[in-house]
Amino acid sequence: MERLNPNARSDRYGSRINRTQSPLRAGLVPYVSIMLASLLPALVLADVMPLVPPLGLLMLLAWRMVRPGLLPLWIGAPLGAFDDLFSGQPFGSAMLLWSLALIAIELIEARFPWRGFFQDWFSAGLAATIVWLASLMLSGAKLTPEMLVVAMPQALLSVLLYPILARMVASLDRFRLARARRIG
């Protein structure tokens, strides 16, 4: 016969009692993941044209789509400034474009409140493509048809990577909201 020990955690849910979420982890995971995604394209160098899509923007859009109320609307400006420091674009371009993308998504969601994965994918892909084209124009380079054709894989990868990044954001969100283990 088992003895009843109040410190024993033999029941199914006893190990989860008295655990709280880490406020630091809950607050920092979205921002750190977006900033790390902004740094990632700097590790992959291309000869003539960048091939890696703007992962920071895609991660920001994925966080916005997966967790709609988590990030404030104004967060596009400081995260865009961080991206501008490492992307090589003129300073302020990502600040402006990321903020406009978030405002546009907010307006679309206010107009069409029902959502589905394919609508999110379409909205994020459209926003990423428009931001990609606008950043090409803001970069100061002369836009030629050849340049657009050469840079097209970056836009295509932006659209195709969204489902993978949305899945990563969902995993990061579960990690963000996981309860910390109580020690002692």
# chains A, B, ... in the order shown; residues from 1 in each chain; ligands from 1

$ residues_around --residues "Arg167 (chain A)" --least-positions-apart "4" --cutoff "12 Å" --atoms "only C-alpha atoms" --output "list in words"
Met59, Ala62, Trp63, Met65, Val66, Arg67, Phe117, Trp121, Leu161, Tyr162, Pro163, Ser171, Leu172, Asp173 and Arg174 of chain A

$ atom_distance --atom1 "CA of Ala94 (chain A)" --atom2 "CA of Tyr31 (chain A)"
15.7 Å

$ select_by_dssp --residues "region 1-179 of chain A" --states "alpha helix (DSSP H)" --output "PyMOL selection string"
chain A and resi 23-39+55-66+76-87+93-111+117-138+145-177

$ write_last_selection --atoms "C-alpha atoms" --output "short mmCIF file (atom, residue, chain, number, x, y, z; two decimals), in the first residue's frame"
data_model
loop_
_atom_site.label_atom_id
_atom_site.label_comp_id
_atom_site.auth_asym_id
_atom_site.auth_seq_id
_atom_site.Cartn_x
_atom_site.Cartn_y
_atom_site.Cartn_z
CA PRO A 23 7.69 37.10 -17.90
CA LEU A 24 11.11 37.70 -19.38
CA ARG A 25 10.75 34.82 -21.83
CA ALA A 26 7.15 35.77 -22.63
CA GLY A 27 8.16 39.32 -23.44
CA LEU A 28 11.45 38.81 -25.26
CA VAL A 29 10.99 35.78 -27.51
CA PRO A 30 9.08 37.57 -30.33
CA TYR A 31 11.48 40.51 -30.49
CA VAL A 32 14.66 38.44 -30.24
CA SER A 33 13.44 36.03 -32.92
CA ILE A 34 12.69 38.91 -35.30
CA MET A 35 16.07 40.51 -34.62
CA LEU A 36 17.92 37.21 -35.14
CA ALA A 37 16.02 36.69 -38.38
CA SER A 38 17.15 40.16 -39.49
CA LEU A 39 20.76 39.17 -38.83
CA LEU A 55 13.73 37.07 -43.02
CA GLY A 56 13.23 39.75 -40.37
CA LEU A 57 10.21 41.10 -42.22
CA LEU A 58 8.84 37.61 -42.79
CA MET A 59 9.27 36.75 -39.12
CA LEU A 60 7.53 40.00 -38.13
CA LEU A 61 4.64 39.20 -40.48
CA ALA A 62 4.47 35.64 -39.17
CA TRP A 63 4.29 36.85 -35.56
CA ARG A 64 1.59 39.33 -36.58
CA MET A 65 -0.45 36.66 -38.34
CA VAL A 66 -0.02 33.85 -35.80
CA GLY A 76 7.68 48.09 -37.23
CA ALA A 77 9.72 51.29 -36.78
CA PRO A 78 12.27 50.12 -34.17
CA LEU A 79 12.59 46.61 -35.61
CA GLY A 80 12.91 48.12 -39.09
CA ALA A 81 15.66 50.42 -37.78
CA PHE A 82 17.50 47.36 -36.44
CA ASP A 83 17.12 45.67 -39.81
CA ASP A 84 18.37 48.79 -41.62
CA LEU A 85 21.57 48.70 -39.60
CA PHE A 86 22.46 45.23 -40.89
CA SER A 87 20.79 44.95 -44.29
CA SER A 93 13.66 52.32 -45.57
CA ALA A 94 12.77 49.25 -43.50
CA MET A 95 11.42 51.50 -40.76
CA LEU A 96 8.97 53.00 -43.22
CA LEU A 97 8.15 49.87 -45.19
CA TRP A 98 7.72 47.56 -42.20
CA SER A 99 5.46 50.10 -40.50
CA LEU A 100 3.38 50.50 -43.65
CA ALA A 101 3.13 46.71 -44.03
CA LEU A 102 1.86 46.34 -40.47
CA ILE A 103 -0.65 49.16 -40.97
CA ALA A 104 -1.88 47.60 -44.22
CA ILE A 105 -2.32 44.20 -42.58
CA GLU A 106 -4.17 45.83 -39.70
CA LEU A 107 -6.51 47.59 -42.14
CA ILE A 108 -7.13 44.39 -44.09
CA GLU A 109 -7.88 42.50 -40.89
CA ALA A 110 -10.25 45.22 -39.70
CA ARG A 111 -12.11 45.02 -43.01
CA PHE A 117 -4.16 30.12 -43.16
CA PHE A 118 -4.35 30.76 -46.90
CA GLN A 119 -5.60 34.31 -46.36
CA ASP A 120 -2.70 34.89 -43.96
CA TRP A 121 -0.27 33.38 -46.47
CA PHE A 122 -1.65 35.52 -49.28
CA SER A 123 -1.54 38.70 -47.16
CA ALA A 124 1.99 38.05 -45.91
CA GLY A 125 3.21 37.09 -49.38
CA LEU A 126 1.66 40.18 -50.93
CA ALA A 127 3.09 42.43 -48.20
CA ALA A 128 6.55 40.85 -48.52
CA THR A 129 6.51 41.22 -52.31
CA ILE A 130 5.41 44.86 -52.16
CA VAL A 131 8.04 45.64 -49.52
CA TRP A 132 10.65 43.83 -51.63
CA LEU A 133 9.75 45.90 -54.70
CA ALA A 134 9.64 49.15 -52.72
CA SER A 135 13.00 48.43 -51.13
CA LEU A 136 14.46 47.85 -54.58
CA MET A 137 13.21 51.28 -55.58
CA LEU A 138 14.47 52.90 -52.37
CA PRO A 145 13.93 44.47 -66.36
CA GLU A 146 17.08 42.36 -66.06
CA MET A 147 17.55 43.39 -62.45
CA LEU A 148 13.96 42.48 -61.64
CA VAL A 149 14.37 39.07 -63.27
CA VAL A 150 17.60 38.41 -61.36
CA ALA A 151 16.04 39.50 -58.05
CA MET A 152 12.79 37.57 -58.61
CA PRO A 153 13.96 34.42 -56.74
CA GLN A 154 14.21 36.50 -53.58
CA ALA A 155 10.56 37.53 -53.90
CA LEU A 156 9.50 33.98 -54.72
CA LEU A 157 11.38 32.63 -51.69
CA SER A 158 9.68 35.26 -49.54
CA VAL A 159 6.28 33.91 -50.50
CA LEU A 160 7.27 30.25 -50.24
CA LEU A 161 9.00 30.55 -46.85
CA TYR A 162 6.01 32.02 -45.03
CA PRO A 163 4.39 28.67 -44.06
CA ILE A 164 7.69 27.41 -42.63
CA LEU A 165 8.21 30.61 -40.65
CA ALA A 166 4.61 30.57 -39.42
CA ARG A 167 5.20 27.05 -38.12
CA MET A 168 8.41 28.20 -36.43
CA VAL A 169 6.57 31.12 -34.85
CA ALA A 170 3.90 28.75 -33.53
CA SER A 171 6.65 26.64 -31.92
CA LEU A 172 8.32 29.74 -30.51
CA ASP A 173 4.97 30.87 -29.15
CA ARG A 174 4.51 27.55 -27.35
CA PHE A 175 8.01 27.94 -25.92
CA ARG A 176 7.24 31.53 -24.96
CA LEU A 177 4.11 30.52 -23.06
#

$ atom_distance --atom1 "CA of Pro41 (chain A)" --atom2 "CA of Pro53 (chain A)"
7.5 Å

$ atom_distance --atom1 "CA of Pro68 (chain A)" --atom2 "CA of Phe112 (chain A)"
13.6 Å

$ decode --residues "region 114-126 of chain A" --atoms "all heavy atoms" --output "tab-separated table (two decimals), in the first residue's frame"
chain	number	residue	atom	x	y	z
A	114	TRP	N	-12.56	37.68	-40.52
A	114	TRP	CA	-12.39	36.24	-40.57
A	114	TRP	C	-11.03	35.96	-41.21
A	114	TRP	O	-10.55	36.68	-42.06
A	114	TRP	CB	-13.51	35.58	-41.37
A	114	TRP	CG	-13.59	36.07	-42.77
A	114	TRP	CD1	-12.94	35.57	-43.86
A	114	TRP	CD2	-14.34	37.19	-43.25
A	114	TRP	NE1	-13.24	36.29	-44.97
A	114	TRP	CE2	-14.09	37.30	-44.63
A	114	TRP	CE3	-15.19	38.11	-42.65
A	114	TRP	CZ2	-14.67	38.28	-45.41
A	114	TRP	CZ3	-15.75	39.09	-43.44
A	114	TRP	CH2	-15.49	39.16	-44.80
A	115	ARG	N	-10.42	34.92	-40.74
A	115	ARG	CA	-9.08	34.61	-41.21
A	115	ARG	C	-8.92	33.12	-41.39
A	115	ARG	O	-9.56	32.33	-40.73
A	115	ARG	CB	-8.05	35.09	-40.18
A	115	ARG	CG	-8.05	36.55	-40.00
A	115	ARG	CD	-7.03	36.99	-39.01
A	115	ARG	NE	-5.86	36.13	-39.01
A	115	ARG	CZ	-5.09	35.97	-37.98
A	115	ARG	NH1	-5.35	36.56	-36.87
A	115	ARG	NH2	-4.05	35.18	-38.05
A	116	GLY	N	-8.02	32.78	-42.25
A	116	GLY	CA	-7.63	31.41	-42.46
A	116	GLY	C	-6.16	31.39	-42.84
A	116	GLY	O	-5.55	32.43	-43.11
A	117	PHE	N	-5.59	30.21	-42.87
A	117	PHE	CA	-4.16	30.12	-43.16
A	117	PHE	C	-3.84	30.65	-44.56
A	117	PHE	O	-2.85	31.37	-44.73
A	117	PHE	CB	-3.68	28.67	-43.03
A	117	PHE	CG	-2.26	28.50	-43.45
A	117	PHE	CD1	-1.24	28.96	-42.63
A	117	PHE	CD2	-1.93	27.91	-44.65
A	117	PHE	CE1	0.08	28.84	-43.01
A	117	PHE	CE2	-0.62	27.78	-45.04
A	117	PHE	CZ	0.40	28.23	-44.22
A	118	PHE	N	-4.66	30.33	-45.53
A	118	PHE	CA	-4.35	30.76	-46.90
A	118	PHE	C	-4.52	32.27	-47.06
A	118	PHE	O	-3.78	32.90	-47.81
A	118	PHE	CB	-5.20	29.98	-47.91
A	118	PHE	CG	-4.80	28.54	-47.98
A	118	PHE	CD1	-5.61	27.56	-47.46
A	118	PHE	CD2	-3.59	28.17	-48.54
A	118	PHE	CE1	-5.24	26.23	-47.50
A	118	PHE	CE2	-3.20	26.85	-48.59
A	118	PHE	CZ	-4.03	25.87	-48.07
A	119	GLN	N	-5.47	32.85	-46.34
A	119	GLN	CA	-5.60	34.31	-46.36
A	119	GLN	C	-4.37	34.95	-45.71
A	119	GLN	O	-3.85	35.95	-46.22
A	119	GLN	CB	-6.86	34.74	-45.64
A	119	GLN	CG	-7.02	36.26	-45.61
A	119	GLN	CD	-8.18	36.69	-44.74
A	119	GLN	OE1	-8.90	35.88	-44.19
A	119	GLN	NE2	-8.35	37.99	-44.62
A	120	ASP	N	-3.91	34.38	-44.61
A	120	ASP	CA	-2.70	34.89	-43.96
A	120	ASP	C	-1.49	34.76	-44.89
A	120	ASP	O	-0.66	35.66	-45.00
A	120	ASP	CB	-2.43	34.15	-42.66
A	120	ASP	CG	-3.40	34.54	-41.57
A	120	ASP	OD1	-4.15	35.51	-41.76
A	120	ASP	OD2	-3.40	33.85	-40.53
A	121	TRP	N	-1.39	33.62	-45.56
A	121	TRP	CA	-0.27	33.38	-46.47
A	121	TRP	C	-0.31	34.37	-47.62
A	121	TRP	O	0.70	34.94	-48.02
A	121	TRP	CB	-0.33	31.95	-46.96
A	121	TRP	CG	0.85	31.47	-47.74
A	121	TRP	CD1	1.99	32.16	-48.05
A	121	TRP	CD2	1.02	30.18	-48.31
A	121	TRP	NE1	2.85	31.38	-48.78
A	121	TRP	CE2	2.28	30.16	-48.94
A	121	TRP	CE3	0.23	29.04	-48.35
A	121	TRP	CZ2	2.76	29.04	-49.61
A	121	TRP	CZ3	0.73	27.93	-49.01
A	121	TRP	CH2	1.97	27.93	-49.62
A	122	PHE	N	-1.50	34.57	-48.17
A	122	PHE	CA	-1.65	35.52	-49.28
A	122	PHE	C	-1.30	36.94	-48.82
A	122	PHE	O	-0.57	37.66	-49.50
A	122	PHE	CB	-3.07	35.48	-49.83
A	122	PHE	CG	-3.31	36.47	-50.92
A	122	PHE	CD1	-2.82	36.24	-52.21
A	122	PHE	CD2	-4.01	37.65	-50.68
A	122	PHE	CE1	-3.03	37.17	-53.22
A	122	PHE	CE2	-4.23	38.58	-51.68
A	122	PHE	CZ	-3.73	38.34	-52.96
A	123	SER	N	-1.81	37.35	-47.67
A	123	SER	CA	-1.54	38.70	-47.16
A	123	SER	C	-0.06	38.90	-46.87
A	123	SER	O	0.52	39.93	-47.23
A	123	SER	CB	-2.34	38.95	-45.89
A	123	SER	OG	-3.71	38.86	-46.14
A	124	ALA	N	0.56	37.93	-46.22
A	124	ALA	CA	1.99	38.05	-45.91
A	124	ALA	C	2.83	38.01	-47.18
A	124	ALA	O	3.81	38.76	-47.31
A	124	ALA	CB	2.42	36.92	-44.96
A	125	GLY	N	2.47	37.15	-48.12
A	125	GLY	CA	3.21	37.09	-49.38
A	125	GLY	C	3.08	38.37	-50.19
A	125	GLY	O	4.06	38.86	-50.76
A	126	LEU	N	1.88	38.91	-50.23
A	126	LEU	CA	1.66	40.18	-50.93
A	126	LEU	C	2.43	41.32	-50.26
A	126	LEU	O	3.09	42.12	-50.93
A	126	LEU	CB	0.17	40.49	-51.00
A	126	LEU	CG	-0.22	41.73	-51.78
A	126	LEU	CD1	0.13	41.57	-53.26
A	126	LEU	CD2	-1.71	42.00	-51.62
